[in-house]
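Here's the structure we're looking at; comments come further down.
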Amino acid sequence: MKHLEQIHNQSAWLTSLISVLLGMLVGAGMMLAAGYDPLLAYGALFQNAIFQPYDLGETIRTITPLILTGLAVGLAFRTGLFNIGVEGQMIIGSLAAAIVGLKFSLPPVLHSAAAVAAAAVAGALWAFIPGLLKAVRGVHEVITTIMMNFIALNLSNWLVRTWLSNGADSTDKIKESASLRWDLLSQWFDNSRIHLGIMIALLAAYGMYVLLWKTTYGFELRAVGYNPHASEYAGMNVKRSILSSMMISGMFAGLAGACQLLGTSGYLSIRGGFEGIGFDGIAVALLGANAPIGILLAAVLFGVLTYGGGNMQFAADVPFEVIRVVFAAIILFVAANLSQSIFSRARGMRREPHA
Amino acid sequence: MLDVMANILQTTVLYSTPLVLAAMGGLFSERSGVVNIALEGLMTIGAFTAAVATLATGNPWLGLAAAMLSGVAFAWPHAAASIRFKADQVVSGVAINFLALGTSVYLVKHLYDSGQTPTVQETLKRMPIPGLDQIPVIGPSLFNAFPTTYIALVVSILSYIVLYRTPFGMRLRAVGEHPRAAETMGVNVVRMRYTAVLISGALAALGGAGLSIAIGSEFNQNTVAGQGFIALAALIFGKWHPFGALGAASFFGFAVALALMGQFFGLTQYVSSEVLNMLPYVLTILALAGFVGRAEAPAAIGKVYETDSR
Amino acid sequence: ANNQADGGFKAGLVTDTGGLNDESFNQTAWEGMEKAKKELGADVKALESKRDEDYIPNLTRFIREKRDITWGIGFKFEKSMRDVAEQFPDAKLGIVDSNMGGKIPSNVVAVTFKEEEGSFLMGVIAGSMTKTNKVGFIGGITSPLIKKFEAGYVAGVHAVNPKAKVEVVYAESFTDEAKGRTIAANMYDQGVDIVYHASGGVGKGLFNEVKTRKKGKYWAIGVDMDQSRLAPDHTLSSMVKRVDVAVFDVMKDLKDGKFAGGKQVELGLKDQAVAVADTTDKYVPADVMKKVEDYRQQIVDGKINVPATDEELKSFLKK
Amino acid sequence: MNAVEMRGITKRFPGIVANDQVHLSVNQGEIHALLGENGAGKSTLMNILFGLYQPDEGEIFIREKPVKITGPTKAAALGIGMVHQHFMLVEPFTVTENIILGAEPTSRGCIDRHRAEREVREISEKYGLRVDPTARIRDISVGMQQRVEILKTLYRGAEVLIFDEPTAVLSPQEIDELMEIMENLVREGKTIIFITHKLKEIMRICDTVTVIRRGKTIGSTSVKGTSEQELASMMVGREVSFSVNKQESRPGKTVLKVQSLTVKDSRGVEAVRGLDLEVRAGEIVGLAGVDGNGQSELLEAITGLRKAHAGDILLNGEAITRLQPRAIARRGVGHIPEDRQKRGLVLDFSIGENMVLQTYDQTPFAKGFLLRYPEIFRHAKRLIEDFDVRTPDEQTHARALSGGNQQKAIIAREVDRDPDLLIAAQPTRGLDVGAIEFIHRRLVEQRDKGKAVLLMSLELDEILKLSDRIAVMYGGRIAGWLNPKTTNEEEIGLLMAGGKVGEEVAQG
Ligand SMILES: Nc1ncnc2c1ncn2[C@@H]1O[C@H](COP(=O)(O)OP(=O)(O)OP(=O)(O)O)[C@@H](O)[C@H]1O
Ligand SMILES: Nc1ncnc2c1ncn2[C@@H]1O[C@H](COP(=O)(O)OP(=O)(O)OP(=O)(O)O)[C@@H](O)[C@H]1O
Ligand SMILES: [Mg+2]
Ligand SMILES: [Mg+2]
């Protein structure tokens, strides 16, 4: 993860920008090879994603959970943990939000706040298990979080069918009082499903920044992430750090679930498989160098391409999947710092190893 | 009772075969010090290529060969990014997963104007080994299995021999533990890691191919559905050892079999099928927490290796 | 998929996450659209949904294009359809496979099928033809829709062969082909000789497995479309669900000025919207075919009330 | 005849010229010392000779023939072998596997284990390097590991052996053994290039010495015609004082009291067994012992990093036996850990952050739960100046500092916390004489300020020079107490090896 930090300096911004362009070029090449018109496709993509208020609102809605899952993955990475379980923690977050939204009756603002809080706590608890196993038994978090994803999926389906809906495929809509929708906001964006989750996501990003770089506890989390041995020598509680960083990560994931449920869908349904927003979070975090601002930007890019990509198929007949290829290419280019090596070759310099 | 055991064993073998192959792939890469979270993607591209090639040629063996080639082709950018360009290996692996899923589904839609390939008729069939397949309980599962199962077993044993008995394997492991030490002994770290990652691509793709032209008969975006990640888990669970990974993958298949058997025995009257479905995952976690615990990764895994002799 | 509008009739179709060519209801629905293009000169277009959250924007896109009708295919559209219907009261919408909990907005037509009726006939075939008195059913994800298949099938088996036992296993997936194969293999190994499935892609595994088994001894029964081409020598029958017919009929009515908004259009054997596949007589002997026809008539005539839920099945079996 | 000649070697790294027209010529069959401060460019030069780095300029001659050394394989073919400063051993592998790696004997495609082990045994007997060919590296002592390193070069038929700071990690006995081995090797006709910071070793065993400073050759001289003092000033460029000026100690009250302490190591074996120890204010207690006799476990127990199995540890009369590391540190224990990069620093943190690794949540560095970076950096700036840490600024990552400066940063941090008890474990390992001098002065300064100092070192020199009392550890116990004024290295060595000595100072 080390050299991703360099994204913070300005030449890295340039690198990212060039990588995005190169990535889109790869996508264009693929479209040309298959006989599609890339200009038409990309035109449709951006036109769809940002130019209409409705679509802009929907794009922001798409971005919202990506920010949160990106933060979840990024925070864990920062503290030396690989949380592949964001997907599952998000499912559990949705589940908790649904339970509160359906089974409780509270006044409007309080109700949604309670549902959001429940989702955050549930996500944190779901991440607590792999955290605990890692801290106490040294079990690799990659395995446990992968397994926990599948457990979450089945658990959610089971509860939806047996408890939350009386044998149906999906629950009822949550009570209006628990919703994160805000009519005024929706109206600004032409009745799209944009919701207050975006505020939660932005706050969470700011929260991660403050926590990690401004607070004493974040100092400890980062120290443990970089060097658990030295941290232990300095008197920090390494196990507690692992636990809390997993839980904060899970909390972000849970919030993403809350946003999806309380803002976007309004109900929980039986899932045939993973939605993948949690896995997308891995890409968002890595592209965003595990830093809040980077994650925000990466989520925007991801969101625009994802939502706009739907229109590409509509307007230019290009299969949506080319967007995934574009992503992959961007990530590879950024990670390999390819543009930089192209530059330095142009200047006749040799690549030097970094410390 | 015996036929129940035979059934459980059969399901175990069926389910774990692709996992074993992919885990062996991961083994080579990670033993050489390159994290391979791209197993999922490599399986995906293998499944895709196998289906397409078999549809085109009518010969599933050519399908397997083509799948291995495609695995090598998609492992190559992972190798190049993480070895040559010193990218973060997790990042690069995640990118390969996107790349493989994107490319394969894109091509399926382009080629067949559909979300899945047409049904492959010429799939690999079960191959009974005369005589042995008559042994009660283990006969029908182990000796009347898909060719991919035999391949998986052979690959596991070969992996062990190659990694622990040959100079190549010893160098590969040395590169994963202490690349600089290996370099001072004249081992070409970069070439070694490239080779390992490419082998990894071929094997993982082979595992994926089993899903589309042996057990299954088509490719769609759900064909692999997370099995690459399970294979990765099996590799870690098996402590980066060929037989460990083989055991872990089989354990997982066994847990799936148990969950299915539960339904046959009417357990669903007492517990929901969803709950039974959690069993494999819960069992894996319990096994890890209870018996296996800390697994020690190759020391240099995930670390970028800086050569100075350019 | 662009078409000239002739007579100005425009229709849109949004698939669920299964996609357009899913060899299932999305695909048959699209066939209905294409028929509308041919016979009604309609301008038809489709949008595929990647995730559940895409349903609303996709429906909205067609509505904003002022399409005369916009279809959402699959029960997963239930909630989204309601939202969109309320937001755009002037738009006309159609949903397949859901009655929207009985409360159908006035601008939505809800098309559902009596899958249990067709499944009952599959049960009749299986119950009549089993040699082992053990037949199987593979379900996808446990849900009311799949329960309809199960209940009808079990009832049908029971009706012709009360001694026969039905093994029911849910894969808890609609996509895991390997699991389908494993379940099928296990069923056959345990003496089941005929397996019916209602499990989407999981069912492919059933056909893969049965193909490798002895001809004339092990059988599969397909669902949604005629699936006999998946295993031509091992398929007894398929329960066909004519989404195309339903979709086309609704659009034809609409073009003629009749729109069944706010109503549930429930189609069964009587409407020939669920049916026994044409290829069934290939391996099913004439006497069984006759039995099937008898039961079909009784159901059409309302003499048999086919159960559609676990509870209804329980009381049906008691009789 | 010249075994090796390097002419006009220049090697540049980003921002630094590590070797600047360096000249080195080594005679066949001699032991040639390479001397220089930390960062002078010794390792770089040797890495070039071994083919790991390519020089930007210059020529190399082996046995008077010009060569291009493109990689370690080429170097091995030319008969050059290197024992690296940081061991190049694959820990989970066996001794044999490490030795044959890259040149494995095979039969039918597989490694011929028996032949390999036989060959290893043969060479090790020939040169008197006893090792167990089947042991795993992680299970054998550092001295053994070094023998494996030497065997690796011999297995490949090395004629010229480079030893890069081989003695830094060895106990006195092991150093003696190594010297013997080196003499053996020369007797067998090998040539040795020997890098060390210990002038005494050069005087003892080398024939010629070449001094480099800041990447440039200062000169070459025969060891016979020079002295330690002269070498030191050649190397540093100024006079260096070897003796530490310190007054008589005036011990005060007991700061640390360890009573019948038993500690188990990671494998559950008792590493410390019923040990008693006292350190008083205003004295330096030197803890000598062969590595692995429980010193590390003792220090870890005192600092709270390892649970005590039995016994008590009192700090200023209060039990700290069961306290967490943080609580112990706050009660006044400073700790300079053995392995600075692993334990002492977070290499990816700035110097500033590293300087507050224990105190980041206290005033003035934090207000409530918020960090105050301006204060943190101000603090770091002061320490950097006070302790002469060579770094561009306080925001530089610790990784970018040389080992010596990293060590200075740790000492600055620990001393500045003003602890009653300062534990220093191997504080000068691998450092050059200039840096050692500085650190020694700081430790004595602490003592004179009335602090209790517990110094653990494998360097008997250092122990003798700094300590007011010496405790020798053997087998998890204090084998004996010695008075530095009256004892000598031989006596300490004897105790360290488990022997008995007549004169001991009374404890307490
Ligand atoms: N790979 C590298 N990249 C950049 N700079 C380097 C590299 N290796 C060494 N240096 C720099 O080159 C100079 C010489 O380092 P070298 O390791 O040769 O010193 P040395 O004399 O061996 O020191 P020591 O006594 O501590 O071992 C140092 O300033 C160091 O910072
Ligand atoms: N690969 C590298 N890239 C850049 N700088 C390096 C590299 N390797 C070493 N250095 C630099 O070399 C210096 C220290 O080199 P060296 O490895 O000789 O340290 P050391 O021997 O541990 O410390 P000291 O020389 O103080 O004992 C540091 O400034 C470090 O930044
Ligand atoms: Mg050096
Ligand atoms: Mg050094």
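Chain identifiers are assigned as A, B, and so on, following the order in which chains appear in the structure tokens; residues are numbered from 1 within each chain, and ligands are numbered from 1 in order of appearance.
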Q: Can you pull out every residue within 6 Å of range 132-149 of chain C, counting only C-alpha atoms, but drop anything in the same chain fewer than 4 positions away, and send it as a PyMOL selection string?
A: (chain A and resi 168-169) or (chain C and resi 115-116+119+164-174+192-199+308-309)
Keeping C-alpha atoms for every residue in the selection just given, could you write it to a file as an mmCIF file, in the first residue's frame?
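Ended up saving to again.cif:
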```
data_model
loop_
_atom_site.group_PDB
_atom_site.id
_atom_site.type_symbol
_atom_site.label_atom_id
_atom_site.label_comp_id
_atom_site.auth_asym_id
_atom_site.auth_seq_id
_atom_site.Cartn_x
_atom_site.Cartn_y
_atom_site.Cartn_z
ATOM 1 C CA ALA A 168 -42.695 -13.645 0.817
ATOM 2 C CA ASP A 169 -39.791 -12.682 -1.402
ATOM 3 C CA GLU C 115 -47.724 -22.287 -12.206
ATOM 4 C CA GLU C 116 -49.198 -24.737 -9.753
ATOM 5 C CA SER C 119 -46.761 -28.188 -12.203
ATOM 6 C CA ALA C 164 -44.794 -42.178 -4.406
ATOM 7 C CA LYS C 165 -42.490 -40.091 -2.279
ATOM 8 C CA VAL C 166 -41.344 -36.632 -3.398
ATOM 9 C CA GLU C 167 -37.818 -35.547 -2.405
ATOM 10 C CA VAL C 168 -37.758 -31.763 -2.215
ATOM 11 C CA VAL C 169 -34.486 -29.874 -2.101
ATOM 12 C CA TYR C 170 -33.940 -26.134 -2.364
ATOM 13 C CA ALA C 171 -30.617 -24.999 -3.765
ATOM 14 C CA GLU C 172 -31.014 -21.508 -2.262
ATOM 15 C CA SER C 173 -29.699 -20.146 -5.524
ATOM 16 C CA PHE C 174 -30.975 -19.537 -9.020
ATOM 17 C CA VAL C 192 -35.211 -41.075 -7.459
ATOM 18 C CA ASP C 193 -35.846 -41.572 -11.153
ATOM 19 C CA ILE C 194 -37.682 -38.419 -12.226
ATOM 20 C CA VAL C 195 -36.747 -34.895 -11.167
ATOM 21 C CA TYR C 196 -38.651 -31.698 -11.848
ATOM 22 C CA HIS C 197 -37.023 -28.354 -11.199
ATOM 23 C CA ALA C 198 -38.065 -24.747 -10.792
ATOM 24 C CA SER C 199 -34.695 -23.235 -10.152
ATOM 25 C CA ALA C 308 -50.332 -23.170 -4.395
ATOM 26 C CA THR C 309 -48.906 -22.963 -0.893
#
```
Q.
Just want the 12 Å neighbourhood of Val20 in chain A, counted on only C-alpha atoms, with same-chain residues fewer than 5 positions away dropped. Output as a ChimeraX atom specification.
A. /A:13-15,25-27,287,297-298,301-302,305,323,325-335,337-339
Could you list the residues in chain C lying within 9 Å of chain A, using only C-alpha atoms, and format the result as a PDB file with C-alpha atoms, in the first residue's frame?
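File written: part-v8.pdb
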```pdb
ATOM      1  CA  ALA C   1     -32.951  -2.838 -30.929  1.00  0.00           C
ATOM      2  CA  LYS C  45     -37.034  -1.690 -26.786  1.00  0.00           C
ATOM      3  CA  ALA C  46     -35.456  -3.412 -23.791  1.00  0.00           C
ATOM      4  CA  LEU C  47     -33.258  -2.413 -20.890  1.00  0.00           C
ATOM      5  CA  GLU C  48     -31.362  -4.948 -18.801  1.00  0.00           C
ATOM      6  CA  SER C  49     -30.981  -4.379 -15.077  1.00  0.00           C
ATOM      7  CA  LYS C  50     -27.634  -5.052 -13.451  1.00  0.00           C
ATOM      8  CA  ARG C  51     -28.819  -4.760  -9.899  1.00  0.00           C
ATOM      9  CA  ASP C  52     -32.148  -4.534  -8.144  1.00  0.00           C
ATOM     10  CA  GLU C  53     -31.618  -0.828  -7.675  1.00  0.00           C
ATOM     11  CA  ASP C  54     -31.628  -0.301 -11.458  1.00  0.00           C
ATOM     12  CA  ILE C  56     -36.604   2.322 -11.056  1.00  0.00           C
ATOM     13  CA  PRO C  57     -34.265   4.318 -13.291  1.00  0.00           C
ATOM     14  CA  ASN C  58     -34.800   1.857 -16.113  1.00  0.00           C
ATOM     15  CA  PHE C  75     -41.706 -10.505  -9.187  1.00  0.00           C
ATOM     16  CA  LYS C  76     -38.693  -8.508  -8.103  1.00  0.00           C
ATOM     17  CA  LYS C  79     -42.010  -2.518  -5.047  1.00  0.00           C
ATOM     18  CA  SER C  80     -40.334  -0.513  -7.781  1.00  0.00           C
ATOM     19  CA  GLN C  87     -44.870   8.922  -9.406  1.00  0.00           C
ATOM     20  CA  ILE C 141     -34.473 -19.914  -3.602  1.00  0.00           C
ATOM     21  CA  THR C 142     -37.258 -20.625  -1.140  1.00  0.00           C
ATOM     22  CA  SER C 143     -39.998 -18.142  -1.988  1.00  0.00           C
ATOM     23  CA  PRO C 144     -43.789 -18.079  -2.531  1.00  0.00           C
ATOM     24  CA  LEU C 145     -43.360 -18.243  -6.295  1.00  0.00           C
ATOM     25  CA  GLU C 172     -31.014 -21.508  -2.262  1.00  0.00           C
ATOM     26  CA  SER C 173     -29.699 -20.146  -5.524  1.00  0.00           C
ATOM     27  CA  PHE C 174     -30.975 -19.537  -9.020  1.00  0.00           C
ATOM     28  CA  THR C 175     -27.547 -19.657 -10.602  1.00  0.00           C
TER      29      THR C 175
END
```
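The interface of chain B with chain C at 8 Å, considering only C-alpha atoms, consists of B:Asp3, B:Asn7, B:Thr11, B:Leu14, B:Tyr15, B:Asp113, B:Ser114, B:Gly115, B:Gln116, B:Thr119, B:Lys125, B:Arg126, B:Leu211, B:Ile215, B:Gly216, B:Ser217, B:Asn222, B:Thr223, B:Leu260, B:Gln263, B:Phe264, B:Ser273, B:Glu274, B:Asn277.
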Q: Can you pull out every residue within 10 Å of Ala158 in chain D, counting only C-alpha atoms, but drop anything in the same chain fewer than 6 positions away, and send it as a list in words?
A: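 My list of contacting residues is Ala75, Ala76, Ala77, Leu78, Gly79, Ile80, Gly81, Met82, Ile150, Leu151, Lys152, Lys190 and Thr191 of chain D.
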Q) Out of range 157-186 of chain C, which residues get strand (DSSP E or B) from DSSP, as a list of chain:residue names? A) C:Lys165, C:Val166, C:Glu167, C:Val168, C:Val169, C:Tyr170
Non-local contacts of range 460-470 of chain D (10 Å; only C-alpha atoms; under 3 positions in same chain excluded) as a short mmCIF file (atom, residue, chain, number, x, y, z; two decimals) with N, CA, C and O atoms, in the first residue's frame:
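For reference, out24.cif as written:
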```
data_model
loop_
_atom_site.label_atom_id
_atom_site.label_comp_id
_atom_site.auth_asym_id
_atom_site.auth_seq_id
_atom_site.Cartn_x
_atom_site.Cartn_y
_atom_site.Cartn_z
N SER D 171 28.54 -13.04 19.91
CA SER D 171 29.04 -12.96 21.28
C SER D 171 30.56 -13.09 21.23
O SER D 171 31.12 -13.53 20.24
N PRO D 172 31.23 -12.71 22.30
CA PRO D 172 32.70 -12.77 22.31
C PRO D 172 33.23 -14.16 21.94
O PRO D 172 34.17 -14.27 21.15
N PHE D 242 38.38 7.32 23.15
CA PHE D 242 37.89 5.95 23.34
C PHE D 242 37.36 5.72 24.74
O PHE D 242 36.43 4.98 24.96
N SER D 243 38.02 6.37 25.69
CA SER D 243 37.58 6.15 27.06
C SER D 243 36.41 7.06 27.35
O SER D 243 36.32 8.16 26.82
N VAL D 244 35.51 6.56 28.15
CA VAL D 244 34.38 7.39 28.54
C VAL D 244 34.78 8.10 29.83
O VAL D 244 35.19 7.46 30.79
N ASN D 245 34.66 9.41 29.81
CA ASN D 245 34.99 10.15 31.02
C ASN D 245 33.83 10.04 31.98
O ASN D 245 32.76 10.56 31.72
N LYS D 246 34.02 9.33 33.04
CA LYS D 246 32.93 9.30 33.99
C LYS D 246 33.47 9.31 35.40
O LYS D 246 34.53 8.77 35.68
N GLU D 248 33.14 8.62 39.53
CA GLU D 248 32.72 7.55 40.41
C GLU D 248 31.20 7.61 40.55
O GLU D 248 30.62 8.68 40.62
N SER D 249 30.56 6.45 40.57
CA SER D 249 29.10 6.50 40.71
C SER D 249 28.72 6.70 42.16
O SER D 249 29.44 6.28 43.07
N ARG D 250 27.59 7.39 42.33
CA ARG D 250 27.10 7.55 43.70
C ARG D 250 25.69 6.98 43.76
O ARG D 250 24.71 7.72 43.69
N PRO D 251 25.63 5.68 43.88
CA PRO D 251 24.31 5.06 43.82
C PRO D 251 23.39 5.53 44.93
O PRO D 251 23.82 5.71 46.07
N VAL D 279 18.77 -2.54 40.53
CA VAL D 279 19.47 -1.42 39.91
C VAL D 279 19.13 -0.18 40.71
O VAL D 279 17.96 0.10 40.98
N GLY D 282 21.45 6.31 39.82
CA GLY D 282 22.81 6.80 39.68
C GLY D 282 23.84 5.73 39.37
O GLY D 282 25.03 5.93 39.58
N GLU D 283 23.40 4.60 38.90
CA GLU D 283 24.40 3.60 38.48
C GLU D 283 23.97 2.94 37.17
O GLU D 283 22.79 2.92 36.81
N ILE D 284 25.00 2.45 36.47
CA ILE D 284 24.73 1.67 35.27
C ILE D 284 25.05 0.23 35.59
O ILE D 284 26.17 -0.09 35.99
N VAL D 285 24.04 -0.62 35.46
CA VAL D 285 24.30 -2.04 35.65
C VAL D 285 24.40 -2.68 34.26
O VAL D 285 23.50 -2.54 33.43
N GLY D 286 25.51 -3.31 34.02
CA GLY D 286 25.71 -3.96 32.74
C GLY D 286 25.23 -5.40 32.80
O GLY D 286 25.54 -6.12 33.75
N LEU D 287 24.47 -5.80 31.82
CA LEU D 287 23.96 -7.17 31.79
C LEU D 287 24.68 -7.89 30.65
O LEU D 287 24.43 -7.63 29.48
N ALA D 288 25.61 -8.73 31.03
CA ALA D 288 26.37 -9.45 30.00
C ALA D 288 25.82 -10.86 29.87
O ALA D 288 25.14 -11.35 30.76
N GLY D 289 26.15 -11.50 28.78
CA GLY D 289 25.68 -12.87 28.61
C GLY D 289 25.68 -13.24 27.15
O GLY D 289 25.55 -12.38 26.29
N GLN D 426 21.50 -3.36 23.62
CA GLN D 426 22.38 -3.27 22.45
C GLN D 426 22.31 -1.91 21.78
O GLN D 426 22.06 -1.85 20.57
N PRO D 427 22.52 -0.85 22.53
CA PRO D 427 22.24 0.48 21.97
C PRO D 427 23.18 0.89 20.85
O PRO D 427 22.85 1.81 20.11
N THR D 428 24.30 0.23 20.71
CA THR D 428 25.25 0.71 19.68
C THR D 428 25.53 -0.33 18.62
O THR D 428 26.49 -0.22 17.88
N ILE D 436 28.88 5.74 18.37
CA ILE D 436 28.98 5.03 19.64
C ILE D 436 29.40 5.99 20.75
O ILE D 436 28.83 6.01 21.84
N HIS D 440 27.25 6.60 24.11
CA HIS D 440 27.85 6.31 25.42
C HIS D 440 27.81 7.53 26.33
O HIS D 440 27.48 7.44 27.51
N ARG D 441 28.13 8.68 25.76
CA ARG D 441 28.10 9.89 26.58
C ARG D 441 26.71 10.13 27.14
O ARG D 441 26.53 10.51 28.28
N LEU D 443 24.38 7.97 27.79
CA LEU D 443 24.01 7.01 28.83
C LEU D 443 24.64 7.40 30.17
O LEU D 443 24.00 7.37 31.22
N VAL D 444 25.89 7.79 30.10
CA VAL D 444 26.58 8.19 31.34
C VAL D 444 25.94 9.44 31.92
O VAL D 444 25.76 9.58 33.13
N ARG D 447 23.05 8.52 33.95
CA ARG D 447 23.47 8.00 35.25
C ARG D 447 23.82 9.16 36.18
O ARG D 447 23.40 9.22 37.33
N VAL D 453 20.30 2.93 35.16
CA VAL D 453 20.44 2.47 33.79
C VAL D 453 20.75 0.98 33.78
O VAL D 453 21.66 0.53 34.48
N LEU D 454 19.96 0.23 33.01
CA LEU D 454 20.24 -1.19 32.84
C LEU D 454 20.67 -1.39 31.40
O LEU D 454 19.91 -1.18 30.48
N LEU D 455 21.95 -1.76 31.24
CA LEU D 455 22.51 -1.85 29.89
C LEU D 455 22.71 -3.30 29.51
O LEU D 455 23.47 -4.02 30.16
N MET D 456 22.03 -3.74 28.48
CA MET D 456 22.25 -5.10 27.99
C MET D 456 23.08 -5.00 26.71
O MET D 456 22.74 -4.24 25.81
N SER D 457 24.18 -5.71 26.69
CA SER D 457 25.02 -5.64 25.50
C SER D 457 25.78 -6.93 25.33
O SER D 457 26.09 -7.62 26.29
N MET D 473 24.64 -13.02 32.91
CA MET D 473 23.53 -13.96 32.88
C MET D 473 23.93 -15.25 32.23
O MET D 473 24.60 -15.27 31.20
N ILE D 478 21.39 -14.95 37.18
CA ILE D 478 22.62 -14.17 37.26
C ILE D 478 23.71 -15.12 37.74
O ILE D 478 23.66 -15.62 38.86
N GLY D 480 26.79 -14.37 38.13
CA GLY D 480 27.71 -13.72 39.04
C GLY D 480 27.76 -12.23 38.80
O GLY D 480 27.37 -11.72 37.76
N TRP D 481 28.21 -11.53 39.84
CA TRP D 481 28.36 -10.07 39.76
C TRP D 481 29.83 -9.75 39.71
O TRP D 481 30.63 -10.31 40.45
N LEU D 482 30.23 -8.82 38.87
CA LEU D 482 31.65 -8.48 38.74
C LEU D 482 31.83 -6.98 38.83
O LEU D 482 30.94 -6.20 38.47
N ASN D 483 33.00 -6.62 39.28
CA ASN D 483 33.34 -5.20 39.36
C ASN D 483 34.16 -4.82 38.14
O ASN D 483 35.23 -5.37 37.92
N PRO D 484 33.67 -3.91 37.33
CA PRO D 484 34.35 -3.60 36.08
C PRO D 484 35.78 -3.10 36.30
O PRO D 484 36.61 -3.21 35.40
N LYS D 485 36.02 -2.55 37.45
CA LYS D 485 37.37 -2.01 37.66
C LYS D 485 38.38 -3.12 37.87
O LYS D 485 39.55 -2.96 37.60
N THR D 486 37.92 -4.22 38.39
CA THR D 486 38.88 -5.26 38.74
C THR D 486 38.80 -6.46 37.83
O THR D 486 39.68 -7.31 37.84
N THR D 487 37.75 -6.55 37.03
CA THR D 487 37.62 -7.76 36.22
C THR D 487 38.14 -7.51 34.80
O THR D 487 38.57 -6.40 34.47
N ASN D 488 38.10 -8.52 33.98
CA ASN D 488 38.52 -8.36 32.59
C ASN D 488 37.65 -9.23 31.69
O ASN D 488 36.80 -9.98 32.16
N GLU D 489 37.85 -9.11 30.40
CA GLU D 489 37.00 -9.82 29.45
C GLU D 489 37.03 -11.33 29.65
O GLU D 489 36.03 -12.01 29.50
N GLU D 490 38.21 -11.83 30.00
CA GLU D 490 38.34 -13.28 30.16
C GLU D 490 37.42 -13.78 31.27
O GLU D 490 36.74 -14.79 31.14
N ILE D 492 34.73 -12.32 32.51
CA ILE D 492 33.32 -12.23 32.12
C ILE D 492 32.98 -13.40 31.20
O ILE D 492 31.97 -14.08 31.36
N GLY D 493 33.87 -13.61 30.24
CA GLY D 493 33.65 -14.68 29.27
C GLY D 493 33.47 -16.03 29.95
O GLY D 493 32.62 -16.83 29.58
N GLU D 504 33.71 -11.85 43.34
CA GLU D 504 32.45 -11.28 42.88
C GLU D 504 32.08 -10.10 43.76
O GLU D 504 32.43 -10.08 44.93
N VAL D 505 31.41 -9.13 43.21
CA VAL D 505 30.95 -8.04 44.07
C VAL D 505 29.62 -8.43 44.70
O VAL D 505 28.83 -9.14 44.10
N ALA D 506 29.44 -7.94 45.87
CA ALA D 506 28.18 -8.26 46.55
C ALA D 506 27.03 -7.58 45.85
O ALA D 506 27.16 -6.47 45.35
N GLN D 507 25.95 -8.27 45.81
CA GLN D 507 24.75 -7.69 45.18
C GLN D 507 24.11 -6.71 46.15
O GLN D 507 24.03 -6.95 47.33
#
```
Q.
Calculated over only C-alpha atoms, which of the candidates A:Tyr217, A:Phe51, A:Trp182, A:Tyr36 has the smallest distance to chain D?
A. A:Tyr217
Q.
Just want the 7 Å neighbourhood of range 419-422 of chain D, counted on only C-alpha atoms, with same-chain residues fewer than 2 positions away dropped. Output as a PyMOL selection string.
A. chain D and resi 255+332-335+415+417+424+451-454
Q) Once you count only C-alpha atoms, which residues of chain B turn out to be within 7 Å of chain A? Could you give them as a PyMOL selection string? A) chain B and resi 81+85-88+91-92+94-96+98-99+102-103+105-106+109+233+274-275+277-278+281+285+288-289+293-294+306
Could you produce a table of the residues of chain D lying within 7 Å of chain B, with the nearest pair of atoms per residue and their separation in Å rounded to one decimal, using only C-alpha atoms, ordered by chain and increasing residue number, as a Markdown table?
```
| residue | atom | partner | partner_atom | distance |
| --- | --- | --- | --- | --- |
| D:Leu52 | CA | B:Ser309 | CA | 6.0 |
| D:Tyr53 | CA | B:Ser309 | CA | 5.2 |
| D:Gln54 | CA | B:Ser309 | CA | 6.1 |
| D:Pro72 | CA | B:Gly186 | CA | 5.3 |
| D:Thr73 | CA | B:Gly186 | CA | 4.6 |
| D:Met88 | CA | B:Ala181 | CA | 4.3 |
| D:Leu89 | CA | B:Ala181 | CA | 6.0 |
| D:Val90 | CA | B:His178 | CA | 5.7 |
| D:Leu101 | CA | B:Met185 | CA | 6.5 |
| D:Gly102 | CA | B:Met185 | CA | 5.5 |
| D:Glu104 | CA | B:Pro167 | CA | 6.1 |
| D:Gly109 | CA | B:Thr166 | CA | 6.4 |
| D:Cys110 | CA | B:Thr166 | CA | 4.4 |
| D:Ile111 | CA | B:Thr166 | CA | 5.2 |
```
